[in-house]
>>> print(open('coords28.pdb').read())   # PDB, C-alpha atoms
ATOM      1  CA  MET A   1      -7.282 -32.050  12.240
ATOM      2  CA  SER A   2      -9.687 -33.212   9.558
ATOM      3  CA  LEU A   3     -12.624 -32.259  11.787
ATOM      4  CA  ARG A   4     -11.142 -28.777  12.051
ATOM      5  CA  ALA A   5     -10.682 -28.601   8.280
ATOM      6  CA  GLY A   6     -14.255 -29.747   7.753
ATOM      7  CA  LEU A   7     -15.647 -27.196  10.172
ATOM      8  CA  ALA A   8     -13.530 -24.409   8.674
ATOM      9  CA  GLY A   9     -14.595 -25.469   5.167
ATOM     10  CA  LEU A  10     -18.269 -25.389   6.145
ATOM     11  CA  LEU A  11     -17.868 -21.991   7.788
ATOM     12  CA  CYS A  12     -16.076 -20.504   4.773
ATOM     13  CA  LEU A  13     -18.613 -22.019   2.376
ATOM     14  CA  GLY A  14     -21.396 -20.461   4.459
ATOM     15  CA  VAL A  15     -19.677 -17.054   4.499
ATOM     16  CA  THR A  16     -19.039 -17.219   0.746
ATOM     17  CA  LEU A  17     -22.645 -18.153  -0.049
ATOM     18  CA  ALA A  18     -23.990 -15.436   2.267
ATOM     19  CA  LEU A  19     -21.722 -12.831   0.652
ATOM     20  CA  GLY A  20     -22.676 -14.023  -2.837
ATOM     21  CA  TRP A  21     -26.357 -13.685  -1.940
ATOM     22  CA  ALA A  22     -25.710 -10.238  -0.447
ATOM     23  CA  VAL A  23     -24.022  -9.150  -3.692
ATOM     24  CA  LEU A  24     -27.004 -10.384  -5.711
ATOM     25  CA  GLU A  25     -29.621  -8.771  -3.450
ATOM     26  CA  ARG A  26     -27.777  -5.503  -2.850
ATOM     27  CA  PRO A  27     -29.941  -2.385  -2.482
ATOM     28  CA  GLN A  28     -29.652   0.309  -5.131
ATOM     29  CA  PRO A  29     -27.815   3.326  -3.689
ATOM     30  CA  ALA A  30     -30.153   6.239  -3.054
ATOM     31  CA  GLU A  31     -27.623   8.777  -4.310
ATOM     32  CA  ASN A  32     -26.428   8.798  -7.937
ATOM     33  CA  LEU A  33     -22.701   9.238  -7.247
ATOM     34  CA  PRO A  34     -21.390   9.052 -10.861
ATOM     35  CA  GLU A  35     -23.761  11.891 -11.800
ATOM     36  CA  ARG A  36     -22.713  14.018  -8.811
ATOM     37  CA  VAL A  37     -19.023  13.483  -9.592
ATOM     38  CA  ALA A  38     -19.597  14.346 -13.266
ATOM     39  CA  GLY A  39     -21.470  17.478 -12.216
ATOM     40  CA  ALA A  40     -18.659  18.656  -9.938
ATOM     41  CA  MET A  41     -15.830  17.865 -12.374
ATOM     42  CA  PRO A  42     -15.475  21.424 -13.810
ATOM     43  CA  ASP A  43     -14.555  22.729 -10.318
ATOM     44  CA  SER A  44     -12.118  19.914  -9.497
ATOM     45  CA  GLY A  45      -9.061  21.213 -11.393
ATOM     46  CA  VAL A  46      -8.395  17.867 -13.131
ATOM     47  CA  GLU A  47     -10.037  15.970 -15.968
ATOM     48  CA  HIS A  48      -9.979  12.411 -14.655
ATOM     49  CA  ALA A  49     -12.765  11.422 -12.286
ATOM     50  CA  VAL A  50     -10.744   9.037 -10.083
ATOM     51  CA  THR A  51      -8.011  11.651  -9.522
ATOM     52  CA  ALA A  52     -10.664  14.263  -8.785
ATOM     53  CA  VAL A  53     -12.261  11.991  -6.176
ATOM     54  CA  LEU A  54      -8.874  11.054  -4.675
ATOM     55  CA  LEU A  55      -7.404  14.522  -4.357
ATOM     56  CA  ASN A  56     -10.340  16.878  -4.290
ATOM     57  CA  PHE A  57     -13.768  15.489  -3.397
ATOM     58  CA  ARG A  58     -12.537  12.936  -0.886
ATOM     59  CA  SER A  59      -9.042  14.195  -0.150
ATOM     60  CA  TYR A  60      -9.501  13.357   3.543
ATOM     61  CA  ASP A  61      -9.128   9.657   2.645
ATOM     62  CA  THR A  62      -5.899  10.316   0.798
ATOM     63  CA  LEU A  63      -4.547  12.509   3.596
ATOM     64  CA  LEU A  64      -5.204   9.784   6.179
ATOM     65  CA  GLU A  65      -3.762   7.182   3.827
ATOM     66  CA  ILE A  66      -0.416   8.974   3.546
ATOM     67  CA  ALA A  67      -0.500   9.347   7.348
ATOM     68  CA  VAL A  68      -0.964   5.556   7.661
ATOM     69  CA  LEU A  69       2.031   4.997   5.360
ATOM     70  CA  LEU A  70       4.174   7.315   7.486
ATOM     71  CA  LEU A  71       3.019   5.475  10.614
ATOM     72  CA  ALA A  72       3.997   2.116   9.077
ATOM     73  CA  VAL A  73       7.526   3.387   8.362
ATOM     74  CA  VAL A  74       7.873   4.857  11.852
ATOM     75  CA  VAL A  75       6.866   1.534  13.433
ATOM     76  CA  ALA A  76       9.220  -0.370  11.124
ATOM     77  CA  LEU A  77      12.054   2.037  12.032
ATOM     78  CA  ALA A  78      11.332   1.474  15.715
ATOM     79  CA  LEU A  79      11.239  -2.321  15.326
ATOM     80  CA  ARG A  80      14.367  -2.818  13.238
ATOM     81  CA  GLU A  81      17.244  -4.751  14.691
ATOM     82  CA  ALA A  82      19.844  -2.495  16.265
ATOM     83  CA  GLN A  83      21.580  -1.389  13.116
ATOM     84  CA  PRO A  84      22.900   2.049  12.277
ATOM     85  CA  ASP A  85      20.711   4.386  10.240
ATOM     86  CA  ARG A  86      22.619   3.405   7.116
ATOM     87  CA  PRO A  87      21.442  -0.084   6.130
ATOM     88  CA  GLU A  88      24.110  -2.714   5.668
ATOM     89  CA  PRO A  89      25.322  -3.037   2.095
ATOM     90  CA  MET A  90      23.911  -5.965   0.186
ATOM     91  CA  GLY A  91      23.284  -7.007  -3.379
ATOM     92  CA  LEU A  92      24.222  -9.501  -6.011
ATOM     93  CA  GLU A  93      27.752  -9.164  -7.327
ATOM     94  CA  ASN A  94      26.457  -9.351 -10.858
ATOM     95  CA  PRO A  95      27.879  -7.036 -13.539
ATOM     96  CA  LEU A  96      25.001  -7.847 -15.893
ATOM     97  CA  LEU A  97      22.435  -6.636 -13.364
ATOM     98  CA  ARG A  98      24.332  -3.381 -12.917
ATOM     99  CA  ALA A  99      24.622  -2.845 -16.657
ATOM    100  CA  VAL A 100      20.878  -3.426 -17.084
ATOM    101  CA  MET A 101      20.212  -1.038 -14.202
ATOM    102  CA  ALA A 102      22.035   1.734 -16.029
ATOM    103  CA  TRP A 103      19.567   1.301 -18.903
ATOM    104  CA  LEU A 104      16.473   0.706 -16.785
ATOM    105  CA  LEU A 105      16.842   3.469 -14.226
ATOM    106  CA  PRO A 106      16.285   6.466 -16.561
ATOM    107  CA  LEU A 107      13.395   4.592 -18.177
ATOM    108  CA  ILE A 108      11.796   3.934 -14.773
ATOM    109  CA  LEU A 109      12.114   7.603 -13.821
ATOM    110  CA  VAL A 110      10.527   8.708 -17.108
ATOM    111  CA  VAL A 111       7.646   6.246 -16.650
ATOM    112  CA  ALA A 112       7.089   7.501 -13.093
ATOM    113  CA  GLY A 113       7.024  11.111 -14.303
ATOM    114  CA  PHE A 114       4.616  10.244 -17.106
ATOM    115  CA  LEU A 115       2.263   8.368 -14.759
ATOM    116  CA  LEU A 116       2.247  11.320 -12.383
ATOM    117  CA  TRP A 117       1.441  13.795 -15.154
ATOM    118  CA  ALA A 118      -1.087  11.496 -16.847
ATOM    119  CA  GLY A 119      -3.100  11.279 -13.601
ATOM    120  CA  SER A 120      -4.841  14.548 -14.387
ATOM    121  CA  TYR A 121      -6.559  13.277 -17.551
ATOM    122  CA  GLN A 122      -6.329   9.451 -17.602
ATOM    123  CA  PRO A 123      -5.633   6.566 -15.182
ATOM    124  CA  GLY A 124      -2.410   7.301 -13.326
ATOM    125  CA  GLY A 125      -1.353   9.531 -10.479
ATOM    126  CA  ALA A 126       0.705   9.678  -7.323
ATOM    127  CA  PHE A 127       0.190   6.078  -6.179
ATOM    128  CA  GLN A 128       1.139   4.479  -9.454
ATOM    129  CA  ALA A 129       4.140   6.789  -9.927
ATOM    130  CA  GLY A 130       5.217   6.219  -6.324
ATOM    131  CA  SER A 131       5.109   2.444  -6.766
ATOM    132  CA  VAL A 132       7.223   2.681  -9.916
ATOM    133  CA  LEU A 133       9.765   4.828  -8.037
ATOM    134  CA  ALA A 134       9.773   2.245  -5.234
ATOM    135  CA  ALA A 135      10.507  -0.495  -7.782
ATOM    136  CA  ALA A 136      13.553   1.520  -8.873
ATOM    137  CA  GLY A 137      14.701   1.753  -5.242
ATOM    138  CA  VAL A 138      14.275  -1.997  -4.681
ATOM    139  CA  LEU A 139      16.259  -2.729  -7.860
ATOM    140  CA  LEU A 140      19.034  -0.391  -6.696
ATOM    141  CA  ARG A 141      19.232  -2.210  -3.375
ATOM    142  CA  LEU A 142      19.208  -5.656  -4.996
ATOM    143  CA  ALA A 143      21.956  -4.629  -7.414
ATOM    144  CA  GLY A 144      24.039  -3.378  -4.490
ATOM    145  CA  VAL A 145      24.249   0.184  -5.826
ATOM    146  CA  THR A 146      24.734   2.602  -2.946
ATOM    147  CA  THR A 147      23.407   6.121  -3.229
ATOM    148  CA  ALA A 148      24.540   8.747  -0.772
ATOM    149  CA  TRP A 149      21.189  10.517  -0.556
ATOM    150  CA  LEU A 150      19.232   7.300   0.158
ATOM    151  CA  ASP A 151      21.639   6.519   3.017
ATOM    152  CA  ASN A 152      21.351   9.994   4.513
ATOM    153  CA  ALA A 153      18.957   9.472   7.436
ATOM    154  CA  ALA A 154      17.919  13.128   7.845
ATOM    155  CA  LEU A 155      17.229  13.546   4.127
ATOM    156  CA  MET A 156      15.303  10.268   4.008
ATOM    157  CA  ARG A 157      13.097  11.226   6.959
ATOM    158  CA  THR A 158      12.381  14.635   5.464
ATOM    159  CA  GLY A 159      11.345  12.939   2.231
ATOM    160  CA  LEU A 160       9.122  10.479   4.085
ATOM    161  CA  ALA A 161       7.263  13.252   5.907
ATOM    162  CA  LEU A 162       7.189  15.711   2.984
ATOM    163  CA  GLY A 163       3.979  14.344   1.407
ATOM    164  CA  LEU A 164       1.930  14.500   4.595
ATOM    165  CA  LEU A 165       3.334  17.908   5.595
ATOM    166  CA  THR A 166       2.655  19.479   2.188
ATOM    167  CA  PHE A 167      -0.837  17.996   2.066
ATOM    168  CA  LEU A 168      -1.636  19.266   5.574
ATOM    169  CA  GLY A 169      -0.035  22.645   4.873
ATOM    170  CA  ILE A 170      -2.053  23.226   1.692
ATOM    171  CA  GLY A 171      -5.206  21.997   3.440
ATOM    172  CA  VAL A 172      -4.700  24.556   6.207
ATOM    173  CA  VAL A 173      -3.618  27.453   3.964
ATOM    174  CA  VAL A 174      -6.748  27.240   1.793
ATOM    175  CA  MET A 175      -8.830  27.764   4.955
ATOM    176  CA  ALA A 176      -7.749  31.437   5.003
ATOM    177  CA  PRO A 177     -10.819  32.859   3.158
ATOM    178  CA  GLY A 178     -13.080  30.981   5.570
ATOM    179  CA  VAL A 179     -13.681  27.769   3.596
ATOM    180  CA  PRO A 180     -13.486  24.312   5.221
ATOM    181  CA  PHE A 181     -10.276  22.268   5.575
ATOM    182  CA  LEU A 182      -9.002  20.921   2.205
ATOM    183  CA  ALA A 183     -11.610  22.802   0.114
ATOM    184  CA  TYR A 184      -9.412  24.172  -2.678
ATOM    185  CA  PRO A 185     -10.539  27.273  -4.568
ATOM    186  CA  PRO A 186     -11.512  26.030  -8.069
ATOM    187  CA  GLU A 187      -9.177  28.431  -9.932
ATOM    188  CA  TYR A 188      -6.041  27.098  -8.150
ATOM    189  CA  ALA A 189      -7.225  23.497  -7.675
ATOM    190  CA  GLY A 190      -5.235  22.106 -10.624
ATOM    191  CA  THR A 191      -1.921  23.586  -9.450
ATOM    192  CA  LEU A 192      -2.490  22.620  -5.815
ATOM    193  CA  ILE A 193      -3.351  19.038  -6.793
ATOM    194  CA  LEU A 194      -0.210  18.809  -8.930
ATOM    195  CA  VAL A 195       1.997  20.045  -6.056
ATOM    196  CA  ILE A 196       0.357  17.593  -3.640
ATOM    197  CA  GLU A 197       0.711  14.722  -6.108
ATOM    198  CA  LEU A 198       4.377  15.528  -6.704
ATOM    199  CA  THR A 199       5.234  15.371  -2.999
ATOM    200  CA  LEU A 200       2.945  12.363  -2.463
ATOM    201  CA  THR A 201       4.769  10.476  -5.221
ATOM    202  CA  LEU A 202       8.116  11.149  -3.565
ATOM    203  CA  SER A 203       6.865  10.175  -0.110
ATOM    204  CA  ILE A 204       5.037   7.019  -1.249
ATOM    205  CA  GLY A 205       8.102   5.884  -3.205
ATOM    206  CA  LEU A 206      10.448   6.555  -0.284
ATOM    207  CA  THR A 207       8.023   4.839   2.147
ATOM    208  CA  LEU A 208       7.967   1.629   0.143
ATOM    209  CA  ILE A 209      11.753   1.776  -0.386
ATOM    210  CA  SER A 210      12.427   2.238   3.338
ATOM    211  CA  LEU A 211      10.065  -0.572   4.296
ATOM    212  CA  PHE A 212      12.116  -2.801   1.990
ATOM    213  CA  ARG A 213      15.461  -1.506   3.233
ATOM    214  CA  LEU A 214      14.539  -1.868   6.911
ATOM    215  CA  THR A 215      14.698  -5.650   6.738
ATOM    216  CA  PRO A 216      18.283  -6.536   7.594
ATOM    217  CA  PRO A 217      20.106  -8.417   4.858
ATOM    218  CA  TYR A 218      21.927 -10.870   7.111
ATOM    219  CA  ALA A 219      20.590 -14.365   7.689
ATOM    220  CA  ASP A 220      18.003 -14.131  10.425
ATOM    221  CA  ASP A 221      18.738 -17.278  12.342
ATOM    222  CA  PRO A 222      17.497 -16.907  15.935
ATOM    223  CA  ASP A 223      20.674 -18.597  17.218
ATOM    224  CA  ASP A 224      22.780 -15.905  15.547
ATOM    225  CA  ALA A 225      20.576 -13.267  17.127
ATOM    226  CA  ARG A 226      21.052 -14.820  20.563
ATOM    227  CA  SER A 227      24.841 -14.954  20.233
ATOM    228  CA  ASP A 228      24.803 -11.376  18.844
ATOM    229  CA  ARG A 229      22.892 -10.206  21.892
ATOM    230  CA  GLU A 230      25.224 -12.004  24.287
ATOM    231  CA  ALA A 231      28.295 -10.644  22.544
ATOM    232  CA  ARG A 232      26.958  -7.126  22.785
ATOM    233  CA  PRO A 233      27.585  -5.419  26.153
TER     234      PRO A 233
ATOM    235  CA  MET B 234     -24.829  -6.117 -15.497
ATOM    236  CA  SER B 235     -23.697  -9.752 -15.633
ATOM    237  CA  GLY B 236     -20.078  -8.641 -16.070
ATOM    238  CA  ALA B 237     -20.219  -6.667 -12.818
ATOM    239  CA  LEU B 238     -21.776  -9.671 -11.073
ATOM    240  CA  ALA B 239     -19.080 -12.014 -12.403
ATOM    241  CA  PHE B 240     -16.336  -9.751 -10.987
ATOM    242  CA  ALA B 241     -18.131  -9.419  -7.649
ATOM    243  CA  TRP B 242     -18.711 -13.171  -7.326
ATOM    244  CA  SER B 243     -15.058 -13.895  -8.171
ATOM    245  CA  GLY B 244     -14.141 -11.452  -5.412
ATOM    246  CA  VAL B 245     -16.480 -13.229  -2.976
ATOM    247  CA  LEU B 246     -14.915 -16.588  -3.944
ATOM    248  CA  LEU B 247     -11.392 -15.197  -3.365
ATOM    249  CA  PHE B 248     -12.529 -13.860  -0.001
ATOM    250  CA  GLY B 249     -13.875 -17.293   1.007
ATOM    251  CA  LEU B 250     -10.673 -19.062  -0.114
ATOM    252  CA  GLY B 251      -8.546 -16.543   1.771
ATOM    253  CA  LEU B 252     -10.672 -16.972   4.894
ATOM    254  CA  PHE B 253     -10.236 -20.759   4.728
ATOM    255  CA  GLY B 254      -6.460 -20.390   4.375
ATOM    256  CA  PHE B 255      -6.390 -17.884   7.205
ATOM    257  CA  ILE B 256      -8.188 -20.301   9.538
ATOM    258  CA  MET B 257      -6.282 -23.423   8.507
ATOM    259  CA  HIS B 258      -2.664 -22.236   8.431
ATOM    260  CA  ARG B 259      -0.527 -21.572  11.491
ATOM    261  CA  HIS B 260       2.601 -20.217   9.778
ATOM    262  CA  LEU B 261       2.561 -16.435   9.939
ATOM    263  CA  LEU B 262       3.674 -15.940   6.310
ATOM    264  CA  ARG B 263       0.895 -18.202   5.050
ATOM    265  CA  ARG B 264      -1.584 -16.290   7.192
ATOM    266  CA  LEU B 265      -0.348 -13.001   5.756
ATOM    267  CA  LEU B 266      -0.757 -14.343   2.212
ATOM    268  CA  ALA B 267      -4.265 -15.609   3.028
ATOM    269  CA  PHE B 268      -5.152 -12.229   4.498
ATOM    270  CA  ASN B 269      -3.929 -10.497   1.338
ATOM    271  CA  ILE B 270      -6.073 -12.834  -0.788
ATOM    272  CA  MET B 271      -9.090 -11.843   1.323
ATOM    273  CA  GLY B 272      -8.185  -8.189   0.756
ATOM    274  CA  SER B 273      -7.877  -8.667  -3.013
ATOM    275  CA  GLY B 274     -11.292 -10.322  -2.988
ATOM    276  CA  SER B 275     -12.915  -7.349  -1.309
ATOM    277  CA  PHE B 276     -11.182  -4.945  -3.739
ATOM    278  CA  LEU B 277     -12.553  -6.992  -6.637
ATOM    279  CA  VAL B 278     -16.082  -6.809  -5.178
ATOM    280  CA  LEU B 279     -15.815  -3.013  -4.855
ATOM    281  CA  VAL B 280     -14.398  -2.468  -8.353
ATOM    282  CA  GLY B 281     -16.769  -4.975  -9.937
ATOM    283  CA  LEU B 282     -19.949  -3.557  -8.436
ATOM    284  CA  ALA B 283     -18.838  -0.003  -9.257
ATOM    285  CA  GLN B 284     -19.524  -0.559 -12.960
ATOM    286  CA  ASP B 285     -23.112  -1.657 -12.938
ATOM    287  CA  GLY B 286     -26.253   0.361 -13.529
ATOM    288  CA  ARG B 287     -25.571   4.070 -13.924
ATOM    289  CA  GLY B 288     -22.122   4.053 -15.493
ATOM    290  CA  VAL B 289     -18.735   3.617 -13.851
ATOM    291  CA  ASP B 290     -18.671   5.013 -10.319
ATOM    292  CA  PRO B 291     -15.237   6.620  -9.653
ATOM    293  CA  VAL B 292     -15.676   6.750  -5.858
ATOM    294  CA  PRO B 293     -15.146   3.010  -5.166
ATOM    295  CA  HIS B 294     -12.231   3.048  -7.650
ATOM    296  CA  ALA B 295     -10.533   5.805  -5.641
ATOM    297  CA  MET B 296     -11.224   3.878  -2.423
ATOM    298  CA  VAL B 297      -9.681   0.721  -3.856
ATOM    299  CA  ILE B 298      -6.498   2.464  -5.012
ATOM    300  CA  THR B 299      -6.117   3.941  -1.522
ATOM    301  CA  GLY B 300      -6.745   0.496  -0.095
ATOM    302  CA  ILE B 301      -4.143  -1.169  -2.303
ATOM    303  CA  VAL B 302      -1.405   1.218  -1.177
ATOM    304  CA  VAL B 303      -2.345   0.773   2.485
ATOM    305  CA  ALA B 304      -2.431  -3.022   1.997
ATOM    306  CA  VAL B 305       1.091  -2.995   0.507
ATOM    307  CA  ALA B 306       2.420  -0.886   3.367
ATOM    308  CA  SER B 307       0.745  -3.005   6.046
ATOM    309  CA  THR B 308       2.032  -6.213   4.424
ATOM    310  CA  ALA B 309       5.569  -4.831   4.489
ATOM    311  CA  LEU B 310       5.123  -3.779   8.119
ATOM    312  CA  ALA B 311       3.804  -7.245   9.004
ATOM    313  CA  LEU B 312       6.890  -8.804   7.392
ATOM    314  CA  VAL B 313       9.179  -6.550   9.455
ATOM    315  CA  VAL B 314       7.291  -7.581  12.622
ATOM    316  CA  PHE B 315       7.422 -11.296  11.683
ATOM    317  CA  ARG B 316      11.174 -11.182  11.098
ATOM    318  CA  ARG B 317      11.646  -9.472  14.423
ATOM    319  CA  TRP B 318       9.427 -12.087  16.122
ATOM    320  CA  TYR B 319      11.341 -14.937  14.482
ATOM    321  CA  ARG B 320      14.679 -13.503  15.567
ATOM    322  CA  ALA B 321      13.407 -12.915  19.099
ATOM    323  CA  SER B 322      11.653 -16.239  19.649
ATOM    324  CA  GLY B 323      12.697 -18.664  16.898
ATOM    325  CA  ARG B 324       9.045 -19.402  16.108
ATOM    326  CA  THR B 325       7.092 -18.963  12.902
ATOM    327  CA  ASP B 326       3.685 -19.076  14.580
ATOM    328  CA  LEU B 327       2.018 -17.555  17.589
ATOM    329  CA  PRO B 328       2.068 -19.522  20.877
ATOM    330  CA  GLU B 329      -1.647 -19.063  21.519
ATOM    331  CA  ASP B 330      -2.482 -20.801  18.216
ATOM    332  CA  THR B 331      -1.011 -24.202  19.057
TER     333      THR B 331
END
>>> encode(input="coords28.pdb", output="structure tokens")
Amino acid sequence: MSLRAGLAGLLCLGVTLALGWAVLERPQPAENLPERVAGAMPDSGVEHAVTAVLLNFRSYDTLLEIAVLLLAVVVALALREAQPDRPEPMGLENPLLRAVMAWLLPLILVVAGFLLWAGSYQPGGAFQAGSVLAAAGVLLRLAGVTTAWLDNAALMRTGLALGLLTFLGIGVVVMAPGVPFLAYPPEYAGTLILVIELTLTLSIGLTLISLFRLTPPYADDPDDARSDREARP
Amino acid sequence: MSGALAFAWSGVLLFGLGLFGFIMHRHLLRRLLAFNIMGSGSFLVLVGLAQDGRGVDPVPHAMVITGIVVAVASTALALVVFRRWYRASGRTDLPEDT
């Protein structure tokens, strides 16, 4: 065991030193990317460089990213223990938590909306707003608050796919005048990006919420699982 | 310049620590945590090196924010798979590791 630890330590030390040296001796990039981004900003439809890169200059990355999120949820849905679409109720029977939720929930929604809107001119955007929404969903589940629309499987699946579908749809529609996929016309870019970000926020939030809700709340003792399986016809 | 290097070297150090944990631990949750530490290290390298020389480069920043969201989703997916594996087999590690 200690030999293994020693070998692993040596290996990791070697990798770390090699990476540190590579960082020190890195080649200067041939292309001046900050300058190119700054030069293209007027056509991007937004005022913040990171949002412009995410949703305009390199929107392919973001499109594939939301596709990866959808794939993760689909796999998690396929792998869940045989439970109905509506997850089993759970939550702490704590009146204080529920009372705090009533105060926190509107605040969380306002913060998510602000982050989404702020993305066009300062750090913020769909990912940050989506994560804040997901935090609200996790809190709801932990407090045992049931919401009809979160338990509605068809509605939930539509919401999960909405971001990717809207993104793809807009990407295809802008091809009409003969421009490449996802190349927005500069005069509509701001509006298109806002619509995409709005649906992305919803889908990212719902994705993270469903990944949390897909873990069954009951104790996952393998012996229980075995007796469950035997009891089931 | 030195600030960017300090961030990048911290990221490299995190990556090395995560790699060591990933090799040494057998428990799947510990491996997942180690893997996430490696991921955070590489994000720190990207973000750190993006701010040296010719001003802040927004392209690596956008890549990292995409990466963070994908990392969160894949971690959650891994947890779903681990729970399923534990319920199916009663093990917290993989048989080929022992």
>>> resolve_selection(input="coords28.pdb", expression="the ChimeraX specification (/A :<7) & /B", output="tab-separated table (two decimals) with C-alpha atoms, in the coordinates of the input")
chain	number	residue	atom	x	y	z
B	242	TRP	CA	-18.71	-13.17	-7.33
B	245	VAL	CA	-16.48	-13.23	-2.98
B	246	LEU	CA	-14.92	-16.59	-3.94
B	249	GLY	CA	-13.88	-17.29	1.01
B	252	LEU	CA	-10.67	-16.97	4.89
B	253	PHE	CA	-10.24	-20.76	4.73
B	256	ILE	CA	-8.19	-20.30	9.54
B	257	MET	CA	-6.28	-23.42	8.51
B	288	GLY	CA	-22.12	4.05	-15.49
B	289	VAL	CA	-18.74	3.62	-13.85
B	290	ASP	CA	-18.67	5.01	-10.32
B	291	PRO	CA	-15.24	6.62	-9.65
B	292	VAL	CA	-15.68	6.75	-5.86
B	294	HIS	CA	-12.23	3.05	-7.65
B	295	ALA	CA	-10.53	5.80	-5.64
B	299	THR	CA	-6.12	3.94	-1.52
B	303	VAL	CA	-2.35	0.77	2.48
B	306	ALA	CA	2.42	-0.89	3.37
B	307	SER	CA	0.74	-3.00	6.05
B	309	ALA	CA	5.57	-4.83	4.49
B	310	LEU	CA	5.12	-3.78	8.12
B	313	VAL	CA	9.18	-6.55	9.46
B	319	TYR	CA	11.34	-14.94	14.48
B	320	ARG	CA	14.68	-13.50	15.57
B	321	ALA	CA	13.41	-12.92	19.10
B	322	SER	CA	11.65	-16.24	19.65
B	323	GLY	CA	12.70	-18.66	16.90
>>> resolve_selection(input="coords28.pdb", expression="the PyMOL selection byres ((chain A and resi 161-175) around 9)", output="PyMOL selection string")
chain A and resi 63-64+66-67+70+156-160+176-185+192+195-204
>>> axis_aligned_box(input="coords28.pdb", around="region 308-317 of chain B", padding_each_side="8 Å", output="AutoDock Vina command-line options")
--center_x 6.8 --center_y -7.5 --center_z 9.4 --size_x 25.6 --size_y 23.5 --size_z 26.0
>>> resolve_selection(input="coords28.pdb", expression="the PyMOL selection byres ((chain A and resi 43) around 8)", output="list in words")
Ala40, Met41, Pro42, Ser44, Gly45, Pro186, Glu187 and Ala189 of chain A
>>> atom_distance(input="coords28.pdb", atom1="CA of Val138 (chain A)", atom2="CA of Leu92 (chain A)")
12.5 Å
>>> atom_distance(input="coords28.pdb", atom1="CA of Gly125 (chain A)", atom2="CA of Ile298 (chain B)")
10.3 Å
>>> atom_distance(input="coords28.pdb", atom1="CA of His260 (chain B)", atom2="CA of Phe276 (chain B)")
24.6 Å
>>> closest_residue(input="coords28.pdb", among="B:Leu282, B:Ala239, B:Leu261, B:Met271", to="Val314 (chain B)", atoms="all atoms listed in the file")
B:Leu261
>>> closest_residue(input="coords28.pdb", among="B:Leu238, B:Leu247, B:Leu262, B:Met296", to="Gly274 (chain B)", atoms="only C-alpha atoms")
B:Leu247
>>> residues_around(input="coords28.pdb", residues="Gly244 (chain B)", least_positions_apart="6", cutoff="6 Å", atoms="all atoms listed in the file", output="PyMOL selection string")
chain B and resi 274-275+277-278
